[in-house]
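File shown: input-v5.cif (mmCIF, C-alpha atoms and all ligand atoms).
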data_protein
#
loop_
_atom_site.label_atom_id
_atom_site.label_comp_id
_atom_site.auth_asym_id
_atom_site.auth_seq_id
_atom_site.Cartn_x
_atom_site.Cartn_y
_atom_site.Cartn_z
CA MET A 1 18.18 -17.46 19.64
CA SER A 2 20.76 -19.64 18.04
CA GLY A 3 23.29 -22.25 18.76
CA ALA A 4 21.77 -25.66 18.21
CA LYS A 5 23.18 -27.88 15.57
CA LYS A 6 21.07 -28.86 12.63
CA PRO A 7 22.30 -32.30 11.63
CA ALA A 8 19.00 -33.59 10.39
CA ALA A 9 18.41 -30.53 8.31
CA ALA A 10 21.77 -30.96 6.67
CA ILE A 11 20.40 -33.78 4.63
CA ILE A 12 17.96 -31.51 2.86
CA ALA A 13 20.45 -30.39 0.25
CA LYS A 14 18.66 -30.22 -3.06
CA PRO A 15 15.46 -32.01 -2.20
CA ALA A 16 13.38 -32.97 -5.17
CA PHE A 17 10.49 -30.67 -4.32
CA TRP A 18 12.63 -27.56 -3.87
CA GLY A 19 11.17 -25.57 -6.71
CA ALA A 20 7.62 -26.45 -5.86
CA GLU A 21 7.88 -25.71 -2.17
CA SER A 22 6.80 -22.12 -2.31
CA ARG A 23 3.81 -23.00 -4.38
CA PHE A 24 2.74 -25.57 -1.84
CA LEU A 25 3.25 -23.14 0.99
CA GLY A 26 1.32 -20.56 -0.93
CA LEU A 27 -1.79 -22.46 0.10
CA GLY A 28 -1.61 -20.28 3.18
CA ARG A 29 -3.91 -22.11 5.55
CA PRO A 30 -2.26 -22.59 8.94
CA ALA A 31 -3.65 -26.03 9.70
CA ARG A 32 -2.80 -27.28 6.23
CA PHE A 33 0.56 -25.69 6.63
CA VAL A 34 1.46 -27.71 9.70
CA LEU A 35 0.31 -30.91 8.11
CA LEU A 36 2.19 -30.11 4.98
CA THR A 37 5.47 -29.51 6.73
CA GLN A 38 5.17 -32.88 8.37
CA THR A 39 4.56 -34.45 5.02
CA LEU A 40 7.65 -32.82 3.63
CA LEU A 41 9.55 -34.74 6.26
CA VAL A 42 8.45 -37.88 4.55
CA MET A 43 9.50 -36.52 1.19
CA ASN A 44 12.89 -35.56 2.39
CA ASN A 45 14.94 -38.41 3.74
CA ILE A 46 13.47 -38.20 7.21
CA ARG A 47 11.08 -40.99 6.49
CA PHE A 48 8.39 -42.65 8.49
CA THR A 49 8.51 -45.70 6.33
CA ASN A 50 6.74 -47.93 8.81
CA ALA A 51 4.02 -45.58 9.81
CA GLN A 52 0.97 -46.50 7.83
CA ALA A 53 -0.86 -43.42 8.97
CA GLU A 54 1.93 -41.25 7.59
CA GLN A 55 1.90 -43.02 4.27
CA ALA A 56 -1.85 -42.69 4.01
CA PHE A 57 -1.64 -39.04 4.94
CA LEU A 58 1.04 -38.41 2.35
CA HIS A 59 -1.02 -40.10 -0.32
CA ASP A 60 -4.14 -38.11 0.56
CA LEU A 61 -2.27 -34.85 0.70
CA LYS A 62 -0.51 -35.35 -2.61
CA THR A 63 -3.80 -36.25 -4.22
CA GLU A 64 -5.46 -33.17 -2.81
CA VAL A 65 -2.61 -30.89 -3.86
CA HIS A 66 -2.66 -32.25 -7.40
CA GLN A 67 -6.43 -31.76 -7.54
CA HIS A 68 -6.09 -28.24 -6.22
CA PHE A 69 -3.62 -27.23 -8.91
CA ALA A 70 -5.01 -29.28 -11.76
CA GLY A 71 -5.49 -27.00 -14.75
CA ARG A 72 -4.64 -23.86 -12.80
CA PRO A 73 -1.75 -21.64 -13.59
CA ILE A 74 0.43 -21.00 -10.57
CA ALA A 75 -0.37 -17.41 -9.73
CA HIS A 76 1.84 -14.93 -8.00
CA ALA A 77 0.90 -11.92 -5.93
CA ASP A 78 -2.38 -10.22 -6.72
CA TRP A 79 -3.47 -6.66 -6.02
CA ARG A 80 -4.38 -7.45 -2.38
CA PHE A 81 -0.81 -8.43 -1.64
CA TRP A 82 0.53 -5.20 -3.12
CA ALA A 83 -2.15 -3.06 -1.48
CA LYS A 84 -1.51 -4.46 1.98
CA GLY A 85 2.26 -4.14 1.81
CA GLY A 86 1.91 -0.80 0.03
CA CYS A 87 -0.07 0.62 2.95
CA TRP A 88 2.62 -0.41 5.42
CA PHE A 89 5.31 0.91 3.08
CA ALA A 90 3.60 4.29 2.74
CA LEU A 91 3.10 4.54 6.50
CA SER A 92 6.65 3.49 7.32
CA TYR A 93 8.48 5.64 4.83
CA GLY A 94 6.06 8.52 5.29
CA ALA A 95 7.01 8.48 8.97
CA CYS A 96 10.66 8.22 7.97
CA ALA A 97 10.34 11.34 5.80
CA LEU A 98 8.70 13.19 8.68
CA LEU A 99 11.57 12.21 10.96
CA LEU A 100 14.20 13.38 8.56
CA LEU A 101 12.62 16.78 7.98
CA GLY A 102 14.15 17.64 11.32
CA HIS A 103 11.22 19.60 12.76
CA LEU A 104 10.35 17.18 15.56
CA THR A 105 11.23 17.49 19.21
CA ALA A 106 12.60 14.52 21.12
CA GLY A 107 9.29 12.96 22.23
CA PRO A 108 7.51 13.14 18.87
CA PHE A 109 10.73 11.98 17.20
CA TRP A 110 10.63 8.83 19.31
CA ALA A 111 6.93 8.26 18.61
CA VAL A 112 7.26 8.77 14.85
CA TYR A 113 10.34 6.55 14.80
CA LEU A 114 8.25 3.86 16.48
CA VAL A 115 5.66 4.14 13.71
CA PHE A 116 8.45 3.99 11.11
CA ASN A 117 9.90 0.88 12.74
CA LEU A 118 6.62 -0.93 13.43
CA ALA A 119 5.19 -0.30 9.98
CA GLY A 120 8.55 -1.40 8.56
CA LEU A 121 8.23 -4.65 10.47
CA LEU A 122 4.84 -5.18 8.88
CA ILE A 123 6.35 -4.65 5.43
CA GLY A 124 8.66 -7.51 6.33
CA PHE A 125 5.73 -9.59 7.52
CA SER A 126 3.75 -9.12 4.34
CA TRP A 127 6.04 -8.45 1.37
CA GLY A 128 9.24 -9.81 2.90
CA HIS A 129 7.95 -13.15 4.06
CA ASP A 130 6.15 -13.90 0.83
CA ALA A 131 9.11 -12.79 -1.25
CA SER A 132 11.25 -15.26 0.68
CA HIS A 133 8.91 -17.93 -0.68
CA SER A 134 9.28 -16.47 -4.18
CA THR A 135 5.55 -15.93 -4.39
CA ALA A 136 5.51 -12.19 -5.10
CA PHE A 137 7.04 -12.29 -8.56
CA ARG A 138 7.65 -14.93 -11.13
CA ARG A 139 11.36 -14.14 -11.25
CA HIS A 140 13.56 -15.17 -8.37
CA TRP A 141 15.80 -12.10 -8.49
CA ALA A 142 12.79 -9.79 -8.24
CA ASN A 143 11.61 -11.64 -5.14
CA GLN A 144 15.08 -11.35 -3.66
CA TRP A 145 15.12 -7.59 -4.19
CA LEU A 146 11.70 -7.18 -2.66
CA HIS A 147 12.81 -9.26 0.32
CA PHE A 148 15.93 -7.11 0.69
CA VAL A 149 13.99 -3.86 0.70
CA SER A 150 11.25 -5.24 2.94
CA PHE A 151 13.70 -6.18 5.69
CA LEU A 152 15.66 -2.93 5.67
CA THR A 153 14.09 -1.52 8.81
CA VAL A 154 14.07 -4.90 10.55
CA GLY A 155 17.80 -5.41 10.14
CA ILE A 156 17.83 -9.21 9.96
CA ASP A 157 19.72 -10.37 6.89
CA PRO A 158 17.01 -11.41 4.42
CA LEU A 159 19.08 -13.99 2.58
CA LEU A 160 20.08 -15.89 5.70
CA TRP A 161 16.62 -15.51 7.17
CA GLY A 162 15.07 -16.88 3.99
CA LEU A 163 17.46 -19.82 3.94
CA ARG A 164 16.70 -20.89 7.47
CA HIS A 165 13.02 -20.13 7.11
CA LEU A 166 12.67 -22.37 4.05
CA ARG A 167 15.30 -24.99 4.77
CA SER A 168 14.63 -25.40 8.45
CA HIS A 169 11.47 -23.96 9.87
CA HIS A 170 8.95 -24.79 7.18
CA ILE A 171 10.30 -28.22 6.40
CA TYR A 172 11.02 -29.32 9.96
CA ALA A 173 8.37 -27.49 11.96
CA ASN A 174 8.73 -28.41 15.62
CA VAL A 175 11.35 -31.07 14.93
CA GLU A 176 13.80 -30.90 17.76
CA GLY A 177 17.30 -30.16 16.53
CA SER A 178 16.13 -29.21 13.05
CA ASP A 179 13.57 -26.44 13.36
CA ILE A 180 15.77 -23.43 13.93
CA ASP A 181 12.86 -21.50 15.39
CA ILE A 182 12.81 -23.72 18.46
CA ASP A 183 16.54 -23.83 18.99
CA ARG A 184 17.55 -24.31 22.57
CA ASN A 185 18.37 -21.17 24.45
CA PRO A 186 19.24 -20.49 28.06
CA PHE A 187 16.08 -18.56 28.87
CA LEU A 188 12.97 -20.12 27.38
CA ARG A 189 12.02 -23.76 27.06
CA LEU A 190 10.39 -23.95 23.64
CA SER A 191 10.00 -27.70 23.33
CA PRO A 192 9.38 -30.58 25.73
CA ALA A 193 12.63 -32.06 24.42
CA HIS A 194 14.58 -29.19 25.94
CA PRO A 195 15.98 -29.68 29.42
CA TRP A 196 13.76 -28.31 32.14
CA ARG A 197 15.16 -25.85 34.66
CA PRO A 198 13.33 -24.70 37.79
CA TYR A 199 13.11 -21.13 36.54
CA HIS A 200 11.16 -22.28 33.50
CA ARG A 201 8.04 -22.43 35.66
CA TYR A 202 8.11 -18.65 35.55
CA GLN A 203 8.80 -18.28 31.84
CA ALA A 204 5.25 -17.29 31.04
CA TRP A 205 5.92 -14.18 33.11
CA TYR A 206 9.39 -13.25 32.03
CA ALA A 207 9.13 -14.34 28.39
CA PRO A 208 7.98 -10.88 27.22
CA LEU A 209 11.20 -9.43 28.61
CA VAL A 210 13.20 -11.96 26.61
CA TYR A 211 11.12 -11.22 23.55
CA LEU A 212 12.07 -7.55 23.79
CA LEU A 213 15.66 -8.54 23.08
CA THR A 214 15.09 -10.91 20.18
CA LEU A 215 15.43 -8.42 17.35
CA ALA A 216 18.65 -6.86 18.64
CA HIS A 217 19.96 -10.35 19.30
CA SER A 218 19.28 -11.37 15.72
CA VAL A 219 20.72 -8.20 14.20
CA PHE A 220 23.88 -8.05 16.29
CA TRP A 221 24.57 -11.67 17.09
CA GLY A 222 22.36 -14.28 15.45
CA ASP A 223 22.98 -13.12 11.90
CA TRP A 224 26.74 -13.36 12.40
CA VAL A 225 26.43 -16.86 13.78
CA TYR A 226 24.35 -17.95 10.80
CA LEU A 227 26.84 -16.31 8.45
CA LEU A 228 30.04 -17.65 9.96
CA HIS A 229 29.51 -20.70 12.14
CA PRO A 230 30.38 -24.06 10.57
CA ASP A 231 27.34 -25.64 12.24
CA TYR A 232 25.19 -23.77 9.76
CA GLU A 233 27.08 -24.75 6.64
CA TRP A 234 24.13 -26.95 5.70
CA MET A 235 21.94 -23.87 5.65
CA ARG A 236 24.27 -21.85 3.43
CA GLN A 237 24.81 -24.67 0.97
CA GLY A 238 24.33 -23.67 -2.64
CA VAL A 239 24.94 -19.97 -2.05
CA GLY A 240 28.42 -18.76 -2.97
CA ARG A 241 30.40 -17.23 -0.15
CA GLY A 242 31.04 -14.08 -2.17
CA GLN A 243 27.36 -13.55 -2.81
CA LEU A 244 26.50 -14.35 0.79
CA TRP A 245 28.97 -11.87 2.21
CA LEU A 246 28.32 -9.15 -0.34
CA ARG A 247 24.61 -9.27 0.27
CA PHE A 248 25.07 -9.57 4.02
CA PHE A 249 27.32 -6.54 4.37
CA GLY A 250 25.42 -4.57 1.75
CA PHE A 251 22.25 -5.17 3.71
CA LYS A 252 23.75 -4.29 7.07
CA VAL A 253 25.18 -1.05 5.68
CA GLY A 254 21.77 -0.22 4.21
CA HIS A 255 20.00 -0.98 7.49
CA PHE A 256 22.28 1.09 9.69
CA ALA A 257 22.46 3.93 7.18
CA LEU A 258 18.66 4.11 7.10
CA MET A 259 17.98 3.62 10.79
CA LEU A 260 20.91 5.47 12.34
CA GLY A 261 22.95 7.27 9.70
CA LEU A 262 20.21 9.37 8.13
CA PRO A 263 18.64 10.51 11.45
CA LEU A 264 22.06 11.45 12.77
CA TRP A 265 22.94 13.30 9.60
CA LEU A 266 19.70 15.12 8.99
CA THR A 267 18.48 15.89 12.51
CA ASP A 268 20.07 17.59 15.49
CA PHE A 269 19.53 14.81 17.97
CA SER A 270 22.47 13.37 19.86
CA VAL A 271 23.96 9.99 19.11
CA GLY A 272 22.68 8.82 22.48
CA TRP A 273 19.08 9.80 21.76
CA VAL A 274 19.09 8.27 18.29
CA LEU A 275 20.59 5.05 19.65
CA PHE A 276 18.09 4.96 22.50
CA THR A 277 15.27 5.47 20.01
CA TYR A 278 16.64 2.77 17.73
CA PHE A 279 16.97 0.17 20.49
CA SER A 280 13.82 1.00 22.45
CA THR A 281 11.53 1.08 19.43
CA GLY A 282 13.31 -2.02 18.13
CA ALA A 283 12.52 -3.79 21.39
CA LEU A 284 8.83 -2.96 21.00
CA CYS A 285 8.99 -4.19 17.42
CA ALA A 286 10.54 -7.44 18.64
CA LEU A 287 7.74 -7.90 21.16
CA THR A 288 5.16 -7.19 18.46
CA PHE A 289 6.91 -9.59 16.13
CA ILE A 290 6.86 -12.43 18.64
CA ILE A 291 3.27 -11.79 19.69
CA MET A 292 2.19 -11.89 16.05
CA LEU A 293 4.09 -15.12 15.53
CA VAL A 294 2.69 -16.71 18.66
CA GLY A 295 -0.78 -15.65 17.63
CA THR A 296 -0.50 -17.60 14.41
CA HIS A 297 0.77 -20.69 16.20
CA PHE A 298 -2.03 -21.36 18.66
CA PHE A 299 -2.90 -25.02 18.79
CA LEU A 300 -4.75 -27.12 21.30
CA GLU A 301 -2.21 -29.84 20.81
CA ALA A 302 1.28 -29.88 19.36
CA ASP A 303 3.68 -32.62 18.36
CA TYR A 304 7.38 -32.16 18.83
CA PRO A 305 8.87 -35.03 16.82
CA THR A 306 12.46 -35.84 17.59
CA SER A 307 14.71 -36.44 14.65
CA GLU A 308 16.26 -39.85 14.62
CA HIS A 309 19.62 -38.18 14.18
CA ASP A 310 19.24 -36.57 17.55
CA ARG A 311 17.74 -39.50 19.34
CA PRO A 312 20.14 -40.94 21.89
CA ALA A 313 21.60 -44.31 20.99
CA THR A 314 20.14 -45.79 24.16
CA VAL A 315 16.61 -45.19 22.95
CA GLY A 316 15.35 -48.38 21.49
CA PRO A 317 13.47 -48.75 18.27
CA CYS A 318 9.87 -47.81 18.09
CA THR A 319 7.59 -50.35 19.68
CA ASN A 320 4.40 -49.13 18.12
CA CYS A 321 5.43 -49.25 14.53
CA ALA A 322 6.67 -52.76 13.89
CA PRO A 323 8.32 -53.91 11.75
CA VAL A 324 10.99 -51.57 12.93
CA ALA A 325 13.22 -49.88 10.41
CA THR A 326 16.75 -51.11 10.41
CA GLY A 327 19.73 -48.92 10.81
CA THR A 328 22.48 -48.01 13.13
CA PRO A 329 21.24 -45.99 16.04
CA GLY A 330 23.37 -43.13 17.17
CA LYS A 331 24.11 -39.57 16.39
CA VAL A 332 25.48 -37.87 13.38
CA GLY A 333 28.35 -35.84 14.69
CA ARG A 334 28.18 -32.12 15.11
CA GLY A 335 31.02 -31.56 12.72
CA SER A 336 30.01 -34.08 10.14
CA SER A 337 30.56 -33.14 6.58
CA ALA A 338 27.64 -32.42 4.36
CA ALA A 339 28.61 -35.37 2.24
CA GLY A 340 28.46 -37.64 5.24
CA LEU A 341 25.11 -36.33 6.26
CA THR A 342 23.54 -36.94 2.91
CA ALA A 343 23.96 -40.65 3.41
CA THR A 344 20.44 -41.69 4.19
CA ARG A 345 19.99 -43.55 7.41
CA PRO A 346 16.72 -45.37 7.95
CA ILE A 347 14.50 -43.50 10.28
CA THR A 348 11.99 -44.96 12.63
CA CYS A 349 8.66 -43.37 13.18
CA SER A 350 8.68 -40.38 15.42
CA ARG A 351 5.00 -39.59 15.40
CA THR A 352 3.73 -42.88 16.69
CA CYS A 353 6.83 -43.97 18.49
CA ALA A 354 6.56 -44.52 22.22
CA THR A 355 9.56 -42.32 22.72
CA ARG A 356 8.11 -39.30 21.00
CA THR A 357 7.71 -36.13 22.93
CA THR A 358 4.20 -34.86 22.81
CA ALA A 359 2.76 -32.01 24.73
CA ARG A 360 -0.63 -30.55 25.07
CA SER A 361 -0.28 -26.89 24.75
CA THR A 362 -2.46 -23.88 24.66
CA ARG A 363 0.38 -21.62 23.64
ZN ZN B 401 7.03 -18.90 5.44
#

As structure tokens, how would this structure be written, given the file I've shared?
Amino acid sequence: MSGAKKPAAAIIAKPAFWGAESRFLGLGRPARFVLLTQTLLVMNNIRFTNAQAEQAFLHDLKTEVHQHFAGRPIAHADWRFWAKGGCWFALSYGACALLLLGHLTAGPFWAVYLVFNLAGLLIGFSWGHDASHSTAFRRHWANQWLHFVSFLTVGIDPLLWGLRHLRSHHIYANVEGSDIDIDRNPFLRLSPAHPWRPYHRYQAWYAPLVYLLTLAHSVFWGDWVYLLHPDYEWMRQGVGRGQLWLRFFGFKVGHFALMLGLPLWLTDFSVGWVLFTYFSTGALCALTFIIMLVGTHFFLEADYPTSEHDRPATVGPCTNCAPVATGTPGKVGRGSSAAGLTATRPITCSRTCATRTTARSTR
């Protein structure tokens, strides 16, 4: 789901730790991961300068990270990474080959296509995700190619996905208005900061139906928004428009050629049946995708810090974190230029502030 502005994230252009980010994230432990992303907030203009606990945490974490890497070469993917992704790749493209032989009847065609699609999704989960962090190969271009190939069955543009994954989600996990993964949408309330509607009391029941649509939404709508909408200029910063568009359209052509063009060309099934198979198996992939994501985000308690940029001007300064940081309260406009957004504005503490939004969650 898309649509929310990302003013706070716009100030992340060229952060100092950019090159080291993937190595940090390569630690791979979920709990550490959440803590780390919050620390990156401190490192990246959204500062909690008055929160002693944050400063102490940052110090401890930096010390621990330095100790962890002291004297160690930064390694890239080992054989386990290649074996895992290789299994999914063999399963997915083995199923694809079976489909294209043209000997299957309609039912088995649908079932084998589902295997092709689901295993393809898992290629994206394993090789694709890690390649987006540039952890598979030493060379950036090799990671980019692996990411491209790994997302071919999924259909979500890998370059744009990688940009928002690294520049938004990992750095601003759960930060309202900055973590693109919890953007507001009309159907599901993903953060306590989102407005509550009466029908949200039923979202636990209808959420799976919404999840079924997420992949198609991303492929046919979300990607275009991220490519074209000026609100996401901050996300595309540093990538030339020519490269962005060339890779975007090259990828989309590759995806549709693989998923629709080849089956239509090499089998006798009707356009309607191939399209039905594409969308119905894609919906099951989307559900699987969300369930796998949710499964890795179970916490007994979750913080949803609100970026100071999005905090209403009427909200007073933090009362728990005196002395309060100075600065002009208010919002950075939706259409603000990147240059304007890079002007650092002092930020009050969100984690210990009385106005923070905190929720206990078993999701
Ligand atoms: Zn990641």

Just give me the gap between CA of Ala119 in chain A and CA of Phe279 in chain A in Å, one decimal is fine.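 According to the coordinates, CA of Ala119 in chain A and CA of Phe279 in chain A are separated by 15.8 Å.
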
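Using all atoms listed in the file as the basis for the distance check, residues found within 7 Å of ligand ZN 401 (chain B) are His129, Asp130, His133, His165, Leu166 and His170 of chain A.
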
CA of Gly120 in chain A sits from CA of Cys96 in chain A at a separation of 9.9 Å

Proximity to Trp196 in chain A - best of A:Gly107, A:Arg184, A:Arg167, A:Phe269, only C-alpha atoms: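 So, comparing all the options, the nearest one is A:Arg184.
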
Computed interatomic separation between CA of Cys285 in chain A and CA of Leu118 in chain A (Å):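 Between these atoms lies a distance of 5.7 Å.
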
Set the distance at 9 Å and use all atoms listed in the file: which residues neighbour Ala131 in chain A once local chain neighbours fewer than 3 positions away are removed? I'd like the list as a ChimeraX atom specification. /A:126-128,134-137,140,142-147,150,162

Looking at A:Leu275, A:Ile180, A:Leu99, A:Cys87, which one is nearest to Asp231 in chain A, with distances taken over only C-alpha atoms?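 Distance minimum relative to Asp231 in chain A lands on A:Ile180.
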
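Closest to Pro73 in chain A among A:Arg138, A:Asn174, A:Trp245, A:Gly240 is A:Arg138, based on only C-alpha atoms.
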
Which residues are near Leu159 in chain A? Cut-off 8 Å, only C-alpha atoms, ignore same chain within fewer than 4 positions. Put them as an MDAnalysis selection string. chainID A and resid 144 148 163 244 247:248

If you keep C-alpha atoms, can you produce a file of those selected residues as a PDB file, in the frame of the given file?
ATOM      1  CA  GLN A 144      15.080 -11.350  -3.660  1.00  0.00           C
ATOM      2  CA  PHE A 148      15.930  -7.110   0.690  1.00  0.00           C
ATOM      3  CA  LEU A 163      17.460 -19.820   3.940  1.00  0.00           C
ATOM      4  CA  LEU A 244      26.500 -14.350   0.790  1.00  0.00           C
ATOM      5  CA  ARG A 247      24.610  -9.270   0.270  1.00  0.00           C
ATOM      6  CA  PHE A 248      25.070  -9.570   4.020  1.00  0.00           C
TER       7      PHE A 248
END

Could you pull out every residue with an atom within 12 Å of (9.2, 8.7, 7.7), file coordinates, counting all atoms listed in the file, and send them as a PyMOL selection string? chain A and resi 88-102+104+109-120+153+258-259+262-263

Keeping only C-alpha atoms, take the residues you just selected and write them out as a PDB file, in the coordinates of the input.
ATOM      1  CA  TRP A  88       2.620  -0.410   5.420  1.00  0.00           C
ATOM      2  CA  PHE A  89       5.310   0.910   3.080  1.00  0.00           C
ATOM      3  CA  ALA A  90       3.600   4.290   2.740  1.00  0.00           C
ATOM      4  CA  LEU A  91       3.100   4.540   6.500  1.00  0.00           C
ATOM      5  CA  SER A  92       6.650   3.490   7.320  1.00  0.00           C
ATOM      6  CA  TYR A  93       8.480   5.640   4.830  1.00  0.00           C
ATOM      7  CA  GLY A  94       6.060   8.520   5.290  1.00  0.00           C
ATOM      8  CA  ALA A  95       7.010   8.480   8.970  1.00  0.00           C
ATOM      9  CA  CYS A  96      10.660   8.220   7.970  1.00  0.00           C
ATOM     10  CA  ALA A  97      10.340  11.340   5.800  1.00  0.00           C
ATOM     11  CA  LEU A  98       8.700  13.190   8.680  1.00  0.00           C
ATOM     12  CA  LEU A  99      11.570  12.210  10.960  1.00  0.00           C
ATOM     13  CA  LEU A 100      14.200  13.380   8.560  1.00  0.00           C
ATOM     14  CA  LEU A 101      12.620  16.780   7.980  1.00  0.00           C
ATOM     15  CA  GLY A 102      14.150  17.640  11.320  1.00  0.00           C
ATOM     16  CA  LEU A 104      10.350  17.180  15.560  1.00  0.00           C
ATOM     17  CA  PHE A 109      10.730  11.980  17.200  1.00  0.00           C
ATOM     18  CA  TRP A 110      10.630   8.830  19.310  1.00  0.00           C
ATOM     19  CA  ALA A 111       6.930   8.260  18.610  1.00  0.00           C
ATOM     20  CA  VAL A 112       7.260   8.770  14.850  1.00  0.00           C
ATOM     21  CA  TYR A 113      10.340   6.550  14.800  1.00  0.00           C
ATOM     22  CA  LEU A 114       8.250   3.860  16.480  1.00  0.00           C
ATOM     23  CA  VAL A 115       5.660   4.140  13.710  1.00  0.00           C
ATOM     24  CA  PHE A 116       8.450   3.990  11.110  1.00  0.00           C
ATOM     25  CA  ASN A 117       9.900   0.880  12.740  1.00  0.00           C
ATOM     26  CA  LEU A 118       6.620  -0.930  13.430  1.00  0.00           C
ATOM     27  CA  ALA A 119       5.190  -0.300   9.980  1.00  0.00           C
ATOM     28  CA  GLY A 120       8.550  -1.400   8.560  1.00  0.00           C
ATOM     29  CA  THR A 153      14.090  -1.520   8.810  1.00  0.00           C
ATOM     30  CA  LEU A 258      18.660   4.110   7.100  1.00  0.00           C
ATOM     31  CA  MET A 259      17.980   3.620  10.790  1.00  0.00           C
ATOM     32  CA  LEU A 262      20.210   9.370   8.130  1.00  0.00           C
ATOM     33  CA  PRO A 263      18.640  10.510  11.450  1.00  0.00           C
TER      34      PRO A 263
END
